[in-house]
Amino acid sequence: MKKYLPFLMLLMSMFAVAQDVKTEAKNVEGQEKGETGDTIRLPEQDFFLLLNSNDVDLANNVPVHKIIKDSLVFALLDDPGAAMIDSLWQKELFESSLYLSLKDSLLNQEYNEVVFNELPTDTLKMRLEKLNAKTPFNVEYNPLLENVIKSYLKRNKKGMERLMALSTYYFPLFEQKLDIYNIPLEIKYLAIVESALNPRARSRVGATGLWQFMFATGKMHGLDVSSYVDERMDPVLATEAAAQYLSTLYRVFEDWDLVLASYNSGPGNVSKAIRRSGGSTSYWNLRPYLPRETAGYVPAFLATLYIFEYAEEHGFQPPNPRATYFETDTIHTKKMLTFEQITEVTGVEKEMLQFLNPSYKLDVIPFIEGKSYSLRLPRNKTGLFVNNEQAIYGYAEALEQKKEETLPQLVESGAPIRYRVRSGDYLGKIAERYGVGVSQIKQWNSLRSNNLRIGQRLIIYPQNNTSTASGTASPKIYTVKHGDSLWSISKKFPGVTVQQIKNLNNMRSNRLKPGMKLKLSDG
């Protein structure tokens, strides 16, 4: 028996190794299928120690989507296929180039004859006649409209394809609201002419959002504007307000062409044009008497209507979206949350949250007694959020508390310090560092100009100083954690800007890696 004992022990060890490999494979397979498996459980203090760990490998191997629940940590798994929009949509969300080009075309549209042999005049006349038969708008042929349509087809095909991709998300929302108010569904194309479907579009005169509401008009229709929120940028609320306004305009003019003109230039300008034309109520007769932008407004709307309705015939190939507006849902939040916190616990990218919730100007959902604010998420994430809502709020509070604990100590206002000017300093930089104004520094030190010299001593009464009284503190080092960005790090340290961090660390890009050490001062 002793002779076979080593052989049996070898067999047993091989069997144990095989079982470990099999278990590991099963765990990987379970993760790929979305099964939770065993949950990592850590006390709250260990969770924060883990976040602060210098062990990069450890930090990279622990999922970011973990939140505190009854002082324990549990994983919220992300579905990579849950992305709501493709990179094209994200690229267009806050870029204004398409919006600006459409606005420029309204103001500077050339109505000279455009040669575009792919669309014969006879074919265009036939198609416009079909459109005219099924819409309350006057889509009859005229040479001016033909030139606008051909101009769009010839010069703006890529832009139209980008708009078609965005429209797949927004149009179901528009149609739902327009139907409630018995407004022609073709009015949805008005948002393209107004904002190029950019919810944060802002004109040179302050008109804002998908439907380009001015501040006063927005207030009239219940759209609130504050430091945190601009409801003119909220797709749902702004579309509701636009439908109400359009419905009111139709009761006044009883003609949808004139409704379009008055939406752009105001009812007063349209009524003046009617008087100047001798009482005509035909848009094409009023057009010479309308403001220049409005003169190009209705032709632009009709050209957009034609191109979208005959997109296939003209070979447009917009990207196919992976989801629509109806695959999202809203949650009424009960405490203040930042987009970064929501990203950490749900796995929904920050860019996605900005796309779905464009009305929050600072990427923060505020909490104010008596006010209701909502968060829009992909539908498959809303149940996850609601089921863990209290834990998520607890996690957000814990992060905010920890952020406060890591902030440098504030120097009490009124306690002066003497600051020694260093190479690269200027008054604006020093003022930002201590939370004071340039004029205050000049007043305290009887400076007549903004010029400084190295070694010069300045008396400063700091408001949110991050340095010691001597002004020669040792360099502060920050260890990058999961979810950090240069912007979020700068907000943790008052007086430290993104550009300062990049300059101090010789960074050429904004990319960060967990575990990276960043210098925050040159003291």
# chains A, B, ... in the order shown; residues from 1 in each chain; ligands from 1
call {"tool": "residues_around", "arguments": {"residues": "Trp256 of chain A", "least_positions_apart": "4", "cutoff": "7 Å", "atoms": "only C-alpha atoms", "output": "PyMOL selection string"}}
result
chain A and resi 136-137+250+260
call {"tool": "write_last_selection", "arguments": {"atoms": "N, CA, C and O atoms", "output": "CSV table (one decimal), in the first residue's frame"}}
result
chain,number,residue,atom,x,y,z
A,136,PRO,N,-51.8,68.7,-44.6
A,136,PRO,CA,-52.5,70.0,-44.7
A,136,PRO,C,-51.6,71.2,-45.1
A,136,PRO,O,-52.1,72.3,-45.2
A,137,PHE,N,-50.3,70.9,-45.3
A,137,PHE,CA,-49.4,72.0,-45.7
A,137,PHE,C,-49.5,72.1,-47.2
A,137,PHE,O,-49.8,71.2,-47.9
A,250,TYR,N,-52.6,77.9,-34.4
A,250,TYR,CA,-53.5,77.5,-35.4
A,250,TYR,C,-54.9,78.0,-35.1
A,250,TYR,O,-55.6,78.3,-36.1
A,260,LEU,N,-46.4,78.0,-39.2
A,260,LEU,CA,-44.9,77.8,-39.3
A,260,LEU,C,-44.2,79.2,-39.3
A,260,LEU,O,-43.2,79.4,-38.6
call {"tool": "closest_atom_pairs", "arguments": {"of": "segment 272-363 of chain A", "to": "segment 154-177 of chain A", "cutoff": "10 Å", "atoms": "only C-alpha atoms", "output": "tab-separated table"}}
result
residue	atom	partner	partner_atom	distance
A:Thr304	CA	A:Met160	CA	8.6
A:Ile307	CA	A:Met160	CA	8.4
A:Phe308	CA	A:Met164	CA	7.6
A:Ala311	CA	A:Glu161	CA	9.1
A:His314	CA	A:Lys157	CA	9.5
A:Gly315	CA	A:Lys157	CA	9.6
A:Phe316	CA	A:Glu161	CA	6.3
A:Gln317	CA	A:Glu161	CA	6.5
A:Pro318	CA	A:Glu161	CA	4.8
A:Pro319	CA	A:Ala165	CA	5.8
A:Asn320	CA	A:Ala165	CA	6.9
A:Pro321	CA	A:Ala165	CA	6.9
A:Arg322	CA	A:Tyr169	CA	9.8
A:Ala323	CA	A:Tyr169	CA	7.5
A:Thr324	CA	A:Tyr169	CA	4.8
A:Tyr325	CA	A:Tyr169	CA	5.2
A:Phe326	CA	A:Pro172	CA	7.7
A:Glu327	CA	A:Tyr169	CA	9.6
call {"tool": "atom_distance", "arguments": {"atom1": "atom CA of Asp122 of chain A", "atom2": "atom CA of Val148 of chain A"}}
result
16.0 Å
call {"tool": "atom_distance", "arguments": {"atom1": "atom CA of Ser423 of chain A", "atom2": "atom CA of Lys492 of chain A"}}
result
24.9 Å
call {"tool": "residues_around", "arguments": {"residues": "segment 443-448 of chain A", "least_positions_apart": "4", "cutoff": "10 Å", "atoms": "only C-alpha atoms", "output": "ChimeraX atom specification"}}
result
/A:437-439,452,457-461
call {"tool": "closest_residue", "arguments": {"among": "A:Asn264, A:Asn357, A:Thr333, A:Asn388", "to": "Ser374 of chain A", "atoms": "only C-alpha atoms"}}
result
A:Thr333
call {"tool": "select_by_dssp", "arguments": {"residues": "segment 165-320 of chain A", "states": "helix (DSSP H, G or I)", "output": "MDAnalysis selection string"}}
result
chainID A and resid 165:180 185:195 215:220 231:233 235:253 256:265 267:276 283:289 292:295 297:309
call {"tool": "residues_around", "arguments": {"residues": "segment 206-215 of chain A", "least_positions_apart": "2", "cutoff": "9 Å", "atoms": "only C-alpha atoms", "output": "mmCIF file with N, CA and C atoms, in the first residue's frame"}}
result
data_model
loop_
_atom_site.group_PDB
_atom_site.id
_atom_site.type_symbol
_atom_site.label_atom_id
_atom_site.label_comp_id
_atom_site.auth_asym_id
_atom_site.auth_seq_id
_atom_site.Cartn_x
_atom_site.Cartn_y
_atom_site.Cartn_z
ATOM 1 N N LEU A 190 -40.379 70.169 -38.115
ATOM 2 C CA LEU A 190 -40.085 71.527 -37.673
ATOM 3 C C LEU A 190 -38.902 71.560 -36.715
ATOM 4 N N ALA A 191 -38.784 70.531 -35.870
ATOM 5 C CA ALA A 191 -37.670 70.477 -34.909
ATOM 6 C C ALA A 191 -36.328 70.351 -35.621
ATOM 7 N N ILE A 192 -36.319 69.755 -36.811
ATOM 8 C CA ILE A 192 -35.076 69.663 -37.580
ATOM 9 C C ILE A 192 -34.660 71.054 -38.056
ATOM 10 N N GLU A 194 -35.593 73.872 -36.760
ATOM 11 C CA GLU A 194 -35.336 74.723 -35.604
ATOM 12 C C GLU A 194 -33.979 74.449 -34.955
ATOM 13 N N SER A 195 -33.671 73.179 -34.705
ATOM 14 C CA SER A 195 -32.512 72.871 -33.846
ATOM 15 C C SER A 195 -31.589 71.791 -34.385
ATOM 16 N N ALA A 196 -31.872 71.230 -35.576
ATOM 17 C CA ALA A 196 -31.106 70.090 -36.078
ATOM 18 C C ALA A 196 -31.116 68.951 -35.054
ATOM 19 N N LEU A 197 -32.230 68.831 -34.318
ATOM 20 C CA LEU A 197 -32.434 67.795 -33.299
ATOM 21 C C LEU A 197 -31.333 67.786 -32.242
ATOM 22 N N ASN A 198 -30.837 68.978 -31.922
ATOM 23 C CA ASN A 198 -29.861 69.127 -30.846
ATOM 24 C C ASN A 198 -30.578 69.731 -29.639
ATOM 25 N N PRO A 199 -30.816 68.956 -28.563
ATOM 26 C CA PRO A 199 -31.591 69.457 -27.427
ATOM 27 C C PRO A 199 -30.920 70.605 -26.695
ATOM 28 N N ARG A 200 -29.619 70.780 -26.880
ATOM 29 C CA ARG A 200 -28.913 71.885 -26.230
ATOM 30 C C ARG A 200 -28.545 73.004 -27.211
ATOM 31 N N ALA A 201 -29.188 73.002 -28.376
ATOM 32 C CA ALA A 201 -28.929 74.055 -29.356
ATOM 33 C C ALA A 201 -29.347 75.403 -28.778
ATOM 34 N N ARG A 202 -28.549 76.424 -29.063
ATOM 35 C CA ARG A 202 -28.842 77.772 -28.565
ATOM 36 C C ARG A 202 -28.522 78.772 -29.667
ATOM 37 N N SER A 203 -29.503 79.574 -30.032
ATOM 38 C CA SER A 203 -29.312 80.539 -31.111
ATOM 39 C C SER A 203 -28.589 81.779 -30.606
ATOM 40 N N ARG A 204 -28.221 82.640 -31.533
ATOM 41 C CA ARG A 204 -27.480 83.852 -31.175
ATOM 42 C C ARG A 204 -28.314 84.804 -30.326
ATOM 43 N N THR A 217 -41.056 83.070 -23.649
ATOM 44 C CA THR A 217 -42.045 82.157 -24.226
ATOM 45 C C THR A 217 -42.041 80.824 -23.492
ATOM 46 N N GLY A 218 -40.845 80.372 -23.142
ATOM 47 C CA GLY A 218 -40.759 79.134 -22.374
ATOM 48 C C GLY A 218 -41.439 79.252 -21.025
ATOM 49 N N LYS A 219 -41.224 80.374 -20.337
ATOM 50 C CA LYS A 219 -41.881 80.607 -19.049
ATOM 51 C C LYS A 219 -43.398 80.608 -19.198
ATOM 52 N N MET A 220 -43.888 81.215 -20.281
ATOM 53 C CA MET A 220 -45.331 81.263 -20.523
ATOM 54 C C MET A 220 -45.938 79.874 -20.622
ATOM 55 N N LEU A 223 -42.042 76.218 -18.805
ATOM 56 C CA LEU A 223 -40.681 75.677 -18.873
ATOM 57 C C LEU A 223 -39.779 76.477 -17.944
ATOM 58 N N ASP A 224 -39.314 75.826 -16.879
ATOM 59 C CA ASP A 224 -38.523 76.498 -15.853
ATOM 60 C C ASP A 224 -37.055 76.541 -16.264
ATOM 61 N N VAL A 225 -36.382 77.607 -15.874
ATOM 62 C CA VAL A 225 -34.947 77.752 -16.119
ATOM 63 C C VAL A 225 -34.285 78.162 -14.812
ATOM 64 N N ASP A 230 -32.553 73.555 -17.265
ATOM 65 C CA ASP A 230 -33.210 74.355 -18.301
ATOM 66 C C ASP A 230 -34.209 73.443 -19.000
ATOM 67 N N GLU A 231 -35.484 73.581 -18.626
ATOM 68 C CA GLU A 231 -36.503 72.671 -19.143
ATOM 69 C C GLU A 231 -36.783 72.898 -20.626
ATOM 70 N N ARG A 232 -36.275 73.974 -21.195
ATOM 71 C CA ARG A 232 -36.372 74.137 -22.646
ATOM 72 C C ARG A 232 -35.556 73.067 -23.362
ATOM 73 N N MET A 233 -34.573 72.487 -22.660
ATOM 74 C CA MET A 233 -33.749 71.417 -23.221
ATOM 75 C C MET A 233 -34.322 70.031 -22.944
ATOM 76 N N ASP A 234 -35.393 69.955 -22.177
ATOM 77 C CA ASP A 234 -36.016 68.667 -21.869
ATOM 78 C C ASP A 234 -36.887 68.256 -23.053
ATOM 79 N N PRO A 235 -36.573 67.160 -23.749
ATOM 80 C CA PRO A 235 -37.337 66.786 -24.942
ATOM 81 C C PRO A 235 -38.828 66.615 -24.677
ATOM 82 N N ALA A 238 -40.438 70.197 -23.409
ATOM 83 C CA ALA A 238 -40.392 71.188 -24.483
ATOM 84 C C ALA A 238 -41.329 70.800 -25.628
ATOM 85 N N THR A 239 -41.445 69.510 -25.919
ATOM 86 C CA THR A 239 -42.360 69.074 -26.977
ATOM 87 C C THR A 239 -43.807 69.318 -26.566
ATOM 88 N N ALA A 241 -44.793 71.720 -24.557
ATOM 89 C CA ALA A 241 -44.988 73.162 -24.663
ATOM 90 C C ALA A 241 -45.120 73.598 -26.119
ATOM 91 N N ALA A 242 -44.315 73.002 -27.004
ATOM 92 C CA ALA A 242 -44.392 73.350 -28.426
ATOM 93 C C ALA A 242 -45.747 72.973 -29.005
ATOM 94 N N SER A 359 -31.514 68.291 -20.090
ATOM 95 C CA SER A 359 -31.931 69.529 -19.416
ATOM 96 C C SER A 359 -31.105 69.842 -18.180
#
call {"tool": "atom_distance", "arguments": {"atom1": "atom CA of Leu131 of chain A", "atom2": "atom CA of Val193 of chain A"}}
result
18.6 Å
